[in-house]
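Asker: Just so it is clear, I am handing over data_38.txt, which has compact mmCIF, C-alpha atoms.
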# COMPACT_ATOMS: atom_id res chain seq x y z
CA MET A 1139 -7.84 19.93 4.43
CA HIS A 1140 -9.37 16.73 3.06
CA SER A 1141 -10.94 15.51 6.23
CA ASN A 1142 -14.13 15.65 4.19
CA PHE A 1143 -12.99 12.55 2.33
CA LEU A 1144 -14.55 9.38 3.69
CA ILE A 1145 -12.18 6.49 3.05
CA SER A 1146 -12.62 3.21 4.87
CA GLN A 1147 -10.29 0.26 5.23
CA THR A 1148 -13.18 -2.01 6.12
CA ASP A 1149 -15.12 -1.06 3.01
CA GLY A 1150 -14.99 -4.03 0.64
CA ARG A 1151 -14.35 -1.83 -2.40
CA PRO A 1152 -10.78 -1.19 -3.51
CA MET A 1153 -9.28 2.00 -2.13
CA TYR A 1154 -8.86 3.61 -5.57
CA LEU A 1155 -12.59 3.20 -6.29
CA GLN A 1156 -13.45 4.84 -2.98
CA ILE A 1157 -11.21 7.78 -3.82
CA MET A 1158 -12.78 8.11 -7.29
CA GLN A 1159 -16.24 8.05 -5.74
CA GLN A 1160 -15.34 10.73 -3.20
CA ILE A 1161 -13.85 13.01 -5.85
CA LYS A 1162 -16.95 12.58 -8.02
CA GLN A 1163 -19.11 13.50 -5.07
CA HIS A 1164 -17.09 16.64 -4.37
CA ILE A 1165 -17.61 17.65 -7.98
CA ALA A 1166 -21.28 16.66 -8.07
CA VAL A 1167 -22.21 18.71 -5.01
CA GLY A 1168 -20.24 21.69 -6.32
CA ASP A 1169 -17.41 21.74 -3.75
CA TRP A 1170 -14.98 21.39 -6.61
CA ALA A 1171 -15.98 23.61 -9.52
CA ALA A 1172 -15.31 23.01 -13.21
CA GLY A 1173 -11.76 23.98 -14.10
CA GLN A 1174 -10.71 24.22 -10.46
CA GLU A 1175 -7.32 22.91 -9.43
CA ILE A 1176 -7.51 19.79 -7.28
CA PRO A 1177 -4.85 18.48 -4.85
CA SER A 1178 -1.76 16.91 -6.39
CA ILE A 1179 -1.56 13.13 -6.24
CA ARG A 1180 1.17 13.22 -3.61
CA GLN A 1181 -0.61 15.81 -1.49
CA LEU A 1182 -3.88 13.88 -1.46
CA ALA A 1183 -1.99 10.67 -0.69
CA ALA A 1184 -0.33 12.35 2.30
CA ASP A 1185 -3.60 13.83 3.52
CA LEU A 1186 -5.49 10.57 3.25
CA ARG A 1187 -2.48 8.47 4.36
CA VAL A 1188 -2.95 6.26 1.36
CA SER A 1189 -0.29 5.03 -1.08
CA VAL A 1190 0.72 7.41 -3.84
CA ILE A 1191 0.22 4.62 -6.38
CA THR A 1192 -3.39 4.16 -5.28
CA VAL A 1193 -4.25 7.84 -5.65
CA LYS A 1194 -2.42 7.87 -9.00
CA ARG A 1195 -4.62 5.04 -10.20
CA ALA A 1196 -7.79 6.86 -9.12
CA TYR A 1197 -6.66 10.00 -10.99
CA LEU A 1198 -5.83 8.01 -14.15
CA GLU A 1199 -9.26 6.39 -14.15
CA LEU A 1200 -10.94 9.76 -13.60
CA GLU A 1201 -8.97 11.19 -16.51
CA ARG A 1202 -10.09 8.32 -18.68
CA GLU A 1203 -13.68 9.08 -17.74
CA GLY A 1204 -13.15 12.73 -18.66
CA ILE A 1205 -13.85 13.98 -15.16
CA ILE A 1206 -10.47 15.53 -14.47
CA PHE A 1207 -7.50 16.41 -16.65
CA THR A 1208 -3.81 16.60 -15.85
CA GLN A 1209 -1.30 18.95 -17.42
CA HIS A 1210 2.20 17.69 -16.99
CA GLY A 1211 4.00 19.68 -14.30
CA LYS A 1212 0.91 21.81 -13.66
CA GLY A 1213 -1.20 19.44 -11.64
CA SER A 1214 -4.75 18.25 -12.11
CA ARG A 1215 -8.01 20.15 -12.58
CA VAL A 1216 -11.68 19.37 -12.74
CA ALA A 1217 -12.74 19.06 -16.39
CA LEU A 1218 -14.49 22.14 -17.79
CA GLU A 1219 -17.64 20.21 -18.49
CA PRO A 1220 -17.50 17.23 -16.24
CA SER A 1221 -20.23 14.87 -17.35
CA ILE A 1222 -20.59 13.78 -13.81
CA GLN A 1223 -24.12 14.58 -12.73
CA PRO A 1224 -25.88 12.31 -15.24
CA GLN A 1225 -23.34 9.62 -14.61
CA LEU A 1226 -23.84 9.68 -10.85
CA HIS A 1227 -27.61 9.65 -11.24
CA GLN A 1228 -27.33 6.75 -13.65
CA GLN A 1229 -25.34 4.84 -11.06
CA GLU A 1230 -27.89 5.61 -8.38
CA LEU A 1231 -30.77 4.54 -10.61
CA GLN A 1232 -28.99 1.27 -11.33
CA THR A 1233 -28.64 0.57 -7.61
CA HIS A 1234 -32.30 1.25 -6.91
CA LEU A 1235 -33.47 -0.83 -9.85
CA GLN A 1236 -31.40 -3.75 -8.63
CA GLU A 1237 -32.92 -3.35 -5.20
CA ALA A 1238 -36.44 -3.16 -6.66
CA ALA A 1239 -35.82 -6.31 -8.68
CA ARG A 1240 -34.54 -8.12 -5.60
CA LEU A 1241 -37.51 -7.13 -3.44
CA SER A 1242 -40.09 -7.99 -6.07
CA LYS A 1243 -38.51 -11.44 -6.36
CA LEU A 1244 -38.74 -11.84 -2.58
CA LEU A 1245 -42.40 -10.81 -2.70
CA GLY A 1246 -43.07 -13.08 -5.66
CA LEU A 1247 -44.36 -10.19 -7.78
CA GLU A 1248 -45.03 -10.76 -11.45
CA THR A 1249 -43.07 -8.49 -13.80
CA GLU A 1250 -46.32 -6.78 -14.85
CA GLU A 1251 -47.17 -5.98 -11.25
CA LEU A 1252 -43.79 -4.41 -10.67
CA VAL A 1253 -44.07 -2.37 -13.87
CA ALA A 1254 -47.56 -1.27 -12.86
CA GLN A 1255 -46.29 -0.06 -9.49
CA LEU A 1256 -43.43 1.80 -11.15
CA ARG A 1257 -45.91 3.45 -13.53
CA GLN A 1258 -48.00 4.48 -10.52
CA GLN A 1259 -44.94 6.09 -8.94
CA LEU A 1260 -44.09 7.93 -12.15
CA GLN A 1261 -47.58 9.42 -12.25
CA ASN A 1262 -47.35 10.51 -8.64
CA THR A 1263 -44.06 12.41 -9.06
CA MET B 726 19.64 10.84 -13.01
CA ASN B 727 19.17 7.50 -11.35
CA ARG B 728 15.51 6.59 -11.07
CA LEU B 729 16.09 3.62 -8.79
CA ALA B 730 16.82 4.45 -5.16
CA VAL B 731 17.57 0.84 -4.23
CA GLN B 732 18.53 -2.07 -6.44
CA PHE B 733 19.36 -5.64 -5.38
CA GLU B 734 20.53 -8.06 -8.07
CA HIS B 735 20.97 -11.76 -7.25
CA VAL B 736 22.29 -11.06 -3.77
CA SER B 737 23.33 -14.00 -1.58
CA LYS B 738 24.78 -14.42 1.88
CA THR B 739 25.30 -17.66 3.78
CA TYR B 740 25.40 -18.13 7.54
CA ARG B 741 25.79 -21.40 9.41
CA LEU B 742 22.07 -21.98 9.85
CA PHE B 743 20.53 -19.45 7.50
CA LYS B 744 21.05 -18.19 4.00
CA LEU B 745 19.77 -15.39 1.83
CA GLU B 746 19.40 -16.66 -1.69
CA ASP B 747 19.26 -14.79 -4.97
CA ILE B 748 17.60 -11.64 -3.60
CA SER B 749 16.49 -9.26 -6.38
CA PHE B 750 14.19 -6.27 -6.14
CA SER B 751 14.21 -2.61 -6.97
CA LEU B 752 12.66 0.51 -5.50
CA PRO B 753 11.98 3.52 -7.76
CA THR B 754 12.84 7.00 -6.47
CA GLY B 755 9.85 8.79 -4.96
CA SER B 756 8.01 5.71 -3.79
CA ILE B 757 7.64 3.73 -0.62
CA MET B 758 8.29 0.00 -0.28
CA GLY B 759 6.92 -2.23 2.42
CA PHE B 760 9.15 -5.22 3.06
CA ILE B 761 7.11 -8.00 4.63
CA GLY B 762 8.29 -11.23 6.18
CA THR B 763 7.86 -13.44 9.22
CA ASN B 764 10.36 -13.45 12.09
CA GLY B 765 13.69 -14.78 10.84
CA ALA B 766 12.73 -14.46 7.17
CA GLY B 767 15.80 -12.36 6.41
CA LYS B 768 14.40 -8.82 6.56
CA SER B 769 17.02 -7.44 8.90
CA THR B 770 19.87 -9.14 7.04
CA CYS B 771 18.66 -7.55 3.79
CA ILE B 772 18.52 -4.17 5.50
CA ARG B 773 22.03 -4.63 6.87
CA ILE B 774 23.28 -5.45 3.38
CA LEU B 775 21.42 -2.43 2.00
CA MET B 776 23.20 -0.26 4.58
CA GLY B 777 26.60 -1.83 3.87
CA LEU B 778 26.79 -3.18 7.43
CA VAL B 779 26.95 -6.76 6.16
CA HIS B 780 28.72 -7.61 2.92
CA GLN B 781 27.01 -9.87 0.41
CA GLU B 782 28.95 -12.84 -1.01
CA ALA B 783 27.43 -12.62 -4.45
CA GLY B 784 25.31 -10.18 -6.39
CA HIS B 785 25.17 -6.41 -6.72
CA VAL B 786 23.58 -3.79 -4.52
CA LYS B 787 23.17 -0.16 -5.52
CA VAL B 788 21.80 2.46 -3.17
CA LEU B 789 21.17 6.02 -4.44
CA GLY B 790 23.31 5.11 -7.43
CA GLN B 791 26.28 4.00 -5.29
CA PRO B 792 27.56 0.41 -5.32
CA MET B 793 27.39 -1.14 -1.85
CA PRO B 794 29.30 -1.81 0.26
CA ALA B 795 32.17 -0.16 -1.71
CA GLN B 796 30.73 3.38 -1.65
CA GLN B 797 28.78 3.14 1.59
CA ALA B 798 30.22 6.29 3.12
CA LYS B 799 29.05 8.33 0.13
CA ALA B 800 25.60 6.72 0.04
CA LYS B 801 25.05 7.16 3.76
CA GLU B 802 25.29 10.95 3.57
CA ASP B 803 21.80 10.82 2.10
CA ILE B 804 20.30 7.91 4.05
CA GLY B 805 18.33 8.09 7.27
CA PHE B 806 18.39 4.76 9.05
CA VAL B 807 16.37 3.67 12.08
CA SER B 808 17.13 0.16 13.28
CA GLU B 809 15.37 -1.97 15.85
CA ASP B 810 18.09 -1.37 18.45
CA LEU B 811 17.70 2.39 18.65
CA ARG B 812 21.14 3.79 19.35
CA LEU B 813 20.31 6.64 21.68
CA TYR B 814 22.23 7.74 24.77
CA LYS B 815 20.00 7.05 27.74
CA ALA B 816 21.42 9.79 29.96
CA ALA B 817 21.19 12.53 27.32
CA THR B 818 18.10 14.52 26.40
CA LEU B 819 16.33 14.48 23.06
CA GLU B 820 17.50 18.08 22.58
CA TRP B 821 21.13 16.99 23.04
CA HIS B 822 20.62 14.36 20.31
CA MET B 823 19.01 16.94 18.04
CA ASN B 824 21.97 19.30 18.43
CA PHE B 825 24.37 16.42 17.84
CA ILE B 826 22.69 15.31 14.59
CA ALA B 827 22.38 18.95 13.48
CA SER B 828 26.16 19.34 13.90
CA ILE B 829 26.82 16.35 11.62
CA TYR B 830 24.28 17.04 8.87
CA PRO B 831 24.33 20.48 7.23
CA SER B 832 20.90 19.62 5.83
CA TRP B 833 19.33 19.60 9.35
CA ASP B 834 16.01 21.44 9.22
CA ALA B 835 15.30 23.02 12.63
CA THR B 836 11.79 24.16 11.68
CA TYR B 837 10.84 20.69 10.54
CA ALA B 838 12.35 19.24 13.73
CA LYS B 839 10.14 21.56 15.80
CA HIS B 840 7.11 20.52 13.79
CA LEU B 841 7.96 16.85 14.38
CA LEU B 842 8.33 17.41 18.13
CA GLN B 843 4.77 18.69 18.17
CA SER B 844 3.35 16.15 15.80
CA PHE B 845 4.97 13.26 17.74
CA ASP B 846 4.03 14.75 21.10
CA LEU B 847 7.65 14.72 22.35
CA LYS B 848 9.48 17.05 24.73
CA ALA B 849 13.00 18.16 23.81
CA LYS B 850 14.14 18.41 27.47
CA GLN B 851 13.19 14.82 28.23
CA GLN B 852 16.01 12.36 28.92
CA ILE B 853 15.97 9.28 26.68
CA LYS B 854 15.82 6.93 29.68
CA GLY B 855 12.53 8.50 30.74
CA LEU B 856 10.84 7.74 27.41
CA SER B 857 8.52 4.84 26.68
CA HIS B 858 9.31 2.45 23.80
CA GLY B 859 6.92 4.28 21.50
CA GLN B 860 8.41 7.66 22.40
CA ARG B 861 11.93 6.35 21.72
CA VAL B 862 10.89 5.10 18.29
CA LYS B 863 9.36 8.49 17.51
CA ALA B 864 12.46 10.28 18.86
CA ALA B 865 14.72 8.17 16.61
CA LEU B 866 12.45 8.89 13.64
CA LEU B 867 12.50 12.60 14.37
CA LEU B 868 16.30 12.58 14.38
CA VAL B 869 16.53 11.00 10.92
CA LEU B 870 13.54 12.76 9.33
CA ALA B 871 14.77 16.24 10.27
CA HIS B 872 18.01 16.00 8.30
CA ARG B 873 15.86 15.31 5.25
CA PRO B 874 17.64 12.26 3.83
CA LYS B 875 16.87 11.21 0.25
CA LEU B 876 16.32 7.65 1.39
CA LEU B 877 14.73 6.54 4.66
CA VAL B 878 15.46 2.99 5.76
CA LEU B 879 13.30 1.89 8.66
CA ASP B 880 13.46 -1.49 10.33
CA GLU B 881 10.00 -2.20 11.77
CA PRO B 882 9.12 1.42 12.55
CA THR B 883 5.59 0.65 13.75
CA THR B 884 6.24 -2.48 15.82
CA GLY B 885 5.22 -2.01 19.44
CA LEU B 886 3.54 1.35 18.86
CA ASP B 887 0.06 2.13 20.16
CA PRO B 888 -2.60 3.02 17.55
CA ILE B 889 -2.18 6.78 18.04
CA ALA B 890 1.61 6.67 17.71
CA ARG B 891 1.29 4.42 14.64
CA SER B 892 -1.07 6.86 13.00
CA GLU B 893 1.32 9.76 13.77
CA VAL B 894 4.28 7.86 12.32
CA LEU B 895 2.44 6.74 9.16
CA GLY B 896 1.20 10.30 8.67
CA GLU B 897 4.73 11.73 8.81
CA LEU B 898 6.03 9.01 6.45
CA MET B 899 3.38 9.98 3.92
CA GLN B 900 4.36 13.65 4.32
CA VAL B 901 7.90 12.67 3.27
CA LEU B 902 6.53 11.29 0.02
CA THR B 903 5.00 14.63 -1.00
CA ASP B 904 8.55 15.31 -2.23
CA GLU B 905 8.98 13.10 -5.27
CA GLU B 906 12.75 12.90 -4.89
CA ARG B 907 12.52 11.14 -1.55
CA THR B 908 12.14 7.42 -1.03
CA VAL B 909 11.16 5.20 1.90
CA PHE B 910 12.03 1.56 2.50
CA PHE B 911 10.49 0.00 5.59
CA SER B 912 10.16 -3.51 6.93
CA SER B 913 7.10 -4.59 8.83
CA GLN B 914 5.16 -7.52 10.14
CA ASN B 915 2.03 -5.43 10.10
CA THR B 916 0.39 -5.99 6.72
CA LEU B 917 -2.28 -3.37 7.45
CA ASP B 918 0.33 -0.60 7.69
CA VAL B 919 2.01 -1.82 4.53
CA GLU B 920 -1.27 -2.11 2.63
CA GLN B 921 -2.25 1.39 3.65
CA ILE B 922 0.81 3.39 2.64
CA SER B 923 3.07 1.31 0.34
CA ASP B 924 3.51 1.73 -3.39
CA GLN B 925 5.74 -1.31 -3.73
CA ILE B 926 5.51 -4.54 -1.79
CA THR B 927 8.12 -7.26 -1.38
CA PHE B 928 7.47 -10.54 0.44
CA ILE B 929 10.42 -12.42 1.87
CA ASN B 930 10.25 -15.90 3.37
CA GLN B 931 13.03 -18.23 4.51
CA GLY B 932 15.72 -16.15 2.89
CA LYS B 933 14.03 -15.88 -0.50
CA ILE B 934 11.94 -13.22 -2.18
CA ILE B 935 8.61 -14.83 -2.96
CA ASP B 936 7.00 -11.86 -4.67
CA SER B 937 7.80 -8.22 -5.40
CA SER B 938 5.66 -5.76 -7.34
CA ASP B 939 3.61 -2.61 -7.07
CA LYS B 940 0.69 -2.74 -4.66
CA GLU B 941 -2.13 -2.14 -7.11
CA SER B 942 -1.18 -5.05 -9.36
CA TYR B 943 -0.73 -7.21 -6.26
CA LEU B 944 -4.24 -6.63 -5.10
CA GLU B 945 -5.55 -7.09 -8.65
CA ARG B 946 -3.86 -10.45 -9.18
CA TRP B 947 -5.16 -12.21 -6.07
CA ARG B 948 -8.75 -13.38 -5.76
CA ARG B 949 -10.73 -16.01 -3.90
CA ILE B 950 -13.45 -17.51 -6.06
CA GLN B 951 -16.31 -19.67 -4.90
CA LEU B 952 -17.38 -22.23 -7.49
CA GLU B 953 -20.26 -24.66 -7.73
CA ILE B 954 -19.50 -27.89 -9.54
CA PRO B 955 -22.83 -29.24 -10.88
CA ASP B 956 -23.29 -32.98 -11.39
CA GLY B 957 -21.59 -34.18 -14.52
CA THR B 958 -18.93 -31.46 -14.49
CA THR B 959 -15.44 -31.81 -13.15
CA LEU B 960 -13.04 -29.17 -12.01
CA THR B 961 -9.98 -29.20 -14.25
CA PRO B 962 -6.81 -28.14 -12.47
CA ARG B 963 -5.53 -24.82 -13.75
CA PRO B 964 -2.04 -23.35 -13.42
CA GLU B 965 -3.41 -20.00 -12.18
CA VAL B 966 -4.91 -21.67 -9.12
CA ILE B 967 -2.61 -22.04 -6.15
CA SER B 968 -5.00 -23.67 -3.69
CA SER B 969 -8.51 -24.99 -3.40
CA SER B 970 -10.62 -26.04 -0.46
CA GLY B 971 -13.96 -27.77 -0.01
CA THR B 972 -15.01 -31.33 -0.83
CA GLY B 973 -18.65 -31.02 -1.81
CA ARG B 974 -20.12 -29.15 -4.72
CA LEU B 975 -18.93 -25.83 -3.42
CA ILE B 976 -15.22 -25.28 -3.85
CA THR B 977 -13.24 -22.16 -2.97
CA ILE B 978 -10.13 -21.57 -5.01
CA THR B 979 -7.37 -19.00 -4.55
CA THR B 980 -5.58 -17.57 -7.56
CA ASN B 981 -2.58 -15.28 -7.88
CA GLN B 982 -3.21 -14.64 -11.58
CA PHE B 983 -6.79 -13.48 -11.71
CA SER B 984 -8.21 -12.32 -15.04
CA PRO B 985 -11.60 -12.39 -16.75
CA ALA B 986 -10.17 -15.20 -18.91
CA LEU B 987 -10.00 -17.43 -15.84
CA THR B 988 -13.67 -17.04 -14.96
CA ALA B 989 -14.61 -17.42 -18.63
CA ALA B 990 -12.68 -20.71 -18.76
CA TYR B 991 -14.61 -22.01 -15.74
CA THR B 992 -17.97 -20.95 -17.08
CA ALA B 993 -17.18 -22.65 -20.40
CA THR B 994 -16.81 -26.01 -18.63
CA GLY B 995 -20.18 -25.66 -16.90
CA VAL B 996 -18.85 -24.57 -13.52
CA ILE B 997 -20.99 -21.89 -11.84
CA ILE B 998 -19.25 -18.90 -10.24
CA HIS B 999 -20.90 -17.78 -7.03
CA ALA B 1000 -18.55 -15.10 -5.75
CA ILE B 1001 -15.29 -13.41 -6.61
CA GLU B 1002 -13.66 -11.80 -3.60
CA ALA B 1003 -10.73 -9.46 -3.33
CA MET B 1004 -8.20 -10.35 -0.65
CA THR B 1005 -6.47 -8.22 1.94
CA LEU B 1006 -2.70 -8.05 1.93
CA GLU B 1007 -2.68 -10.15 5.09
CA GLU B 1008 -4.66 -12.92 3.40
CA ILE B 1009 -2.43 -12.71 0.34
CA PHE B 1010 0.68 -12.93 2.49
CA ILE B 1011 -0.54 -16.02 4.34
CA ALA B 1012 -1.70 -17.75 1.13
CA ASN B 1013 1.62 -16.91 -0.51
CA VAL B 1014 3.75 -18.28 2.32
CA LYS B 1015 1.66 -21.48 2.54
CA HIS B 1016 1.87 -21.95 -1.20
CA HIS B 1017 5.65 -21.68 -1.13
CA LYS B 1018 5.90 -24.07 1.82
CA GLN B 1019 3.96 -26.66 -0.14
CA ALA B 1020 6.08 -26.08 -3.22
CA VAL B 1021 9.22 -26.68 -1.14
CA SER B 1022 7.95 -29.84 0.55
CA ALA B 1023 6.48 -31.27 -2.67
Just give me the structure as structure tokens.

Answerer:
Amino acid sequence: MHSNFLISQTDGRPMYLQIMQQIKQHIAVGDWAAGQEIPSIRQLAADLRVSVITVKRAYLELEREGIIFTQHGKGSRVALEPSIQPQLHQQELQTHLQEAARLSKLLGLETEELVAQLRQQLQNT
Amino acid sequence: MNRLAVQFEHVSKTYRLFKLEDISFSLPTGSIMGFIGTNGAGKSTCIRILMGLVHQEAGHVKVLGQPMPAQQAKAKEDIGFVSEDLRLYKAATLEWHMNFIASIYPSWDATYAKHLLQSFDLKAKQQIKGLSHGQRVKAALLLVLAHRPKLLVLDEPTTGLDPIARSEVLGELMQVLTDEERTVFFSSQNTLDVEQISDQITFINQGKIIDSSDKESYLERWRRIQLEIPDGTTLTPRPEVISSSGTGRLITITTNQFSPALTAAYTATGVIIHAIEAMTLEEIFIANVKHHKQAVSA
């Protein structure tokens, strides 16, 4: 059922972060709709063959971020207005900016040159 | 309702050349504990005490709310135990064993047993003597899983299994945990298996518990940090650091009490932090055992 989760033991990131990321992606692409019930902690743990405590931690963090909510005894659901899309895009932007900064350093670009190139790109899109 | 499935308090047992000393740990109902130790660390002795097969000299053991060994018969009604020496009759078939266990335990679940046969790729008509080691381990697991015990006690269930069999076994163990009233205690030398599926982790070495806590806080507490010591700065020893290596300007330290306060303290003295790396359970285990060896010899 959750074979569409990509969890890797060789990935350097902690397992709970990987699970959070995968859940966010399912929500962002629309697989899991707002208000929809999501697998229980124990069910997801069994499906992914990952400790219950690890999945529990991922769910707690997602609750804190307002992405899912849990009703005691009724399981967890996707928040009605998950503020996930902007958040994911923000993360992606951050990654690309870091990469741009790294490459411009390698190329020895002045800050102004980098900014000029970015401006050029903004005009083209 | 008792929320601890297993509880050891200051348990000791002395043999001529080996002793278990002051063993304390507890396992909450609904979770799975990986019990890690080297050969001869005392894992099997602890399991035998847990099962009431060996009697402790001091300390208290409670299993499913029953004091052990006094109430072992009562506790064992709800325990499924698979030991290293699998007690199966070589001449009998797996089906014969299944019928035998079903006649003892009213809780035997025939549908679940059928599912396990499929999932473990076993044939009921097969005689035990014709099975490989891996198939015997899976057969023994099937026999205990299918009577749906509240507590599963498994001594090295994945040792000697090929990758496919290991994955099948770990998968079925995780299925057990979908029921929050059921608990698993398993010993292992394979830290990867333990890291993957355990909620609680206990390390045992030379008859002593060297650490026992939930997995997430374990992994959070241990870090390897690479530091650069610029000229004019010195590295002050800190209690959180259990080992350091390197002689030049670059030093790698290992800590079992990582927190942002630790890195802040380094930065404040002028030390530069190059990298902070999480550790695998295997690395933590090795660092932990080495640390305790040094503490003993010091």

Asker: Do you know which residues are at most 12 Å from Thr992 (chain B) counting only C-alpha atoms, after dropping those on the same chain fewer than 2 positions away, and could you put them as a list of chain:residue names?

Answerer: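 The filter keeps B:Leu952, B:Glu953, B:Ile954, B:Pro955, B:Thr958, B:Thr959, B:Leu960, B:Thr961, B:Pro985, B:Ala986, B:Leu987, B:Thr988, B:Ala989, B:Ala990, B:Thr994, B:Gly995, B:Val996, B:Ile997, B:Ile998, B:His999.
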
Asker: Restrict the distance test to only C-alpha atoms, flag each residue of chain B within 12 Å of chain A, and return the flagged residues as a JSON list (two decimals) with C-alpha atoms, in the coordinates of the input.

Answerer:
[["chain", "number", "residue", "atom", "x", "y", "z"],
["B", 753, "PRO", "CA", 11.98, 3.52, -7.76],
["B", 755, "GLY", "CA", 9.85, 8.79, -4.96],
["B", 756, "SER", "CA", 8.01, 5.71, -3.79],
["B", 757, "ILE", "CA", 7.64, 3.73, -0.62],
["B", 758, "MET", "CA", 8.29, 0.00, -0.28],
["B", 759, "GLY", "CA", 6.92, -2.23, 2.42],
["B", 891, "ARG", "CA", 1.29, 4.42, 14.64],
["B", 892, "SER", "CA", -1.07, 6.86, 13.00],
["B", 893, "GLU", "CA", 1.32, 9.76, 13.77],
["B", 894, "VAL", "CA", 4.28, 7.86, 12.32],
["B", 895, "LEU", "CA", 2.44, 6.74, 9.16],
["B", 896, "GLY", "CA", 1.20, 10.30, 8.67],
["B", 897, "GLU", "CA", 4.73, 11.73, 8.81],
["B", 898, "LEU", "CA", 6.03, 9.01, 6.45],
["B", 899, "MET", "CA", 3.38, 9.98, 3.92],
["B", 900, "GLN", "CA", 4.36, 13.65, 4.32],
["B", 901, "VAL", "CA", 7.90, 12.67, 3.27],
["B", 902, "LEU", "CA", 6.53, 11.29, 0.02],
["B", 903, "THR", "CA", 5.00, 14.63, -1.00],
["B", 904, "ASP", "CA", 8.55, 15.31, -2.23],
["B", 905, "GLU", "CA", 8.98, 13.10, -5.27],
["B", 906, "GLU", "CA", 12.75, 12.90, -4.89],
["B", 907, "ARG", "CA", 12.52, 11.14, -1.55],
["B", 908, "THR", "CA", 12.14, 7.42, -1.03],
["B", 909, "VAL", "CA", 11.16, 5.20, 1.90],
["B", 917, "LEU", "CA", -2.28, -3.37, 7.45],
["B", 918, "ASP", "CA", 0.33, -0.60, 7.69],
["B", 919, "VAL", "CA", 2.01, -1.82, 4.53],
["B", 920, "GLU", "CA", -1.27, -2.11, 2.63],
["B", 921, "GLN", "CA", -2.25, 1.39, 3.65],
["B", 922, "ILE", "CA", 0.81, 3.39, 2.64],
["B", 923, "SER", "CA", 3.07, 1.31, 0.34],
["B", 924, "ASP", "CA", 3.51, 1.73, -3.39],
["B", 925, "GLN", "CA", 5.74, -1.31, -3.73],
["B", 926, "ILE", "CA", 5.51, -4.54, -1.79],
["B", 938, "SER", "CA", 5.66, -5.76, -7.34],
["B", 939, "ASP", "CA", 3.61, -2.61, -7.07],
["B", 940, "LYS", "CA", 0.69, -2.74, -4.66],
["B", 941, "GLU", "CA", -2.13, -2.14, -7.11],
["B", 942, "SER", "CA", -1.18, -5.05, -9.36],
["B", 943, "TYR", "CA", -0.73, -7.21, -6.26],
["B", 944, "LEU", "CA", -4.24, -6.63, -5.10],
["B", 945, "GLU", "CA", -5.55, -7.09, -8.65],
["B", 1001, "ILE", "CA", -15.29, -13.41, -6.61],
["B", 1002, "GLU", "CA", -13.66, -11.80, -3.60],
["B", 1003, "ALA", "CA", -10.73, -9.46, -3.33],
["B", 1004, "MET", "CA", -8.20, -10.35, -0.65],
["B", 1005, "THR", "CA", -6.47, -8.22, 1.94],
["B", 1006, "LEU", "CA", -2.70, -8.05, 1.93]]

Asker: Near Asp803 (chain B), counting all atoms listed in the file, which residues have an atom at most 12 Å away, once you skip same-chain residues fewer than 4 positions from it, shown as a list of chain:residue names?

Answerer: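 Once the adjacent positions are removed, what remains is B:Ala730, B:Met776, B:Val788, B:Leu789, B:Gly790, B:Gln791, B:Gln797, B:Ala798, B:Lys799, B:Tyr830, B:Pro831, B:Ser832, B:Trp833, B:Val869, B:Leu870, B:His872, B:Arg873, B:Pro874, B:Lys875, B:Leu876, B:Leu877, B:Val878, B:Glu906, B:Arg907, B:Thr908.
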
Asker: Show me, as a PDB file with C-alpha atoms, keeping the file's coordinate frame, the residues that have an atom within 8 Å of Leu847 (chain B) when counting all atoms listed in the file, minus same-chain residues fewer than 5 positions from it.

Answerer:
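Writing the result to part05.pdb gives the following:
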ATOM      1  CA  LEU B 842       8.330  17.410  18.130  1.00  0.00           C
ATOM      2  CA  GLN B 860       8.410   7.660  22.400  1.00  0.00           C
ATOM      3  CA  ALA B 864      12.460  10.280  18.860  1.00  0.00           C
TER       4      ALA B 864
END

Asker: Between A:Asn1142, A:Gln1209, A:Asn1262, A:Thr1249, which is the closest to Asp1169 (chain A) once you count only C-alpha atoms?

Answerer: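 Among A:Asn1142, A:Gln1209, A:Asn1262, A:Thr1249, it is A:Asn1142 that comes nearest to Asp1169 (chain A).
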
Asker: If you measure from CA of Pro792 (chain B) to CA of Ala766 (chain B), what distance in Å do you get, rounded to one decimal?

Answerer: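 Interatomic distance here is 24.4 Å.
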
Asker: Figure out the distance between CA of Thr927 (chain B) and CA of Asn981 (chain B), please, to one decimal in Å.

Answerer: 14.9 Å

Asker: Residues near region 1225-1229 of chain A, anyone? I mean within 12 Å using all atoms listed in the file, not counting same-chain ones fewer than 2 positions away, as a list in words.

Answerer: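 Neighbouring residues, sequence-local ones excluded: Met1158, Gln1159, Gln1160, Ile1161, Lys1162, Gln1163, His1164, Ile1165, Ala1166, Val1167, Glu1203, Gly1204, Ile1205, Pro1220, Ser1221, Ile1222, Gln1223, Leu1231, Gln1232, Thr1233, His1234, Leu1235 and Gln1236 of chain A.
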
Asker: So, with all atoms listed in the file as the atoms that count, which of B:Arg948, B:Gln914, B:Leu775, B:Lys738 lies closest to Gln796 (chain B)?

Answerer: B:Leu775

Asker: Can you pull out every residue within 12 Å of Ala865 (chain B), counting all atoms listed in the file, but drop anything in the same chain fewer than 2 positions away, and send it as a PyMOL selection string?

Answerer: chain B and resi 805-814+819-820+822-823+826+838+841-842+845+847+853+856+858-863+867-872+879-880+882+894

Asker: Using all atoms listed in the file, give me every residue within 6 Å of (7.2, -6.1, 4.2) in file coordinates, as JSON, numbers by chain.

Answerer: {"B": [759, 760, 761, 762, 912, 913, 927, 928]}

Asker: Write a file for region 1156-1161 of chain A, containing C-alpha atoms (output as a tab-separated table (two decimals), in the first residue's frame).

Answerer:
chain	number	residue	atom	x	y	z
A	1156	GLN	CA	12.71	11.09	5.46
A	1157	ILE	CA	9.22	9.98	6.50
A	1158	MET	CA	8.14	13.61	7.07
A	1159	GLN	CA	9.48	14.56	3.65
A	1160	GLN	CA	7.64	11.69	1.95
A	1161	ILE	CA	4.35	12.55	3.65
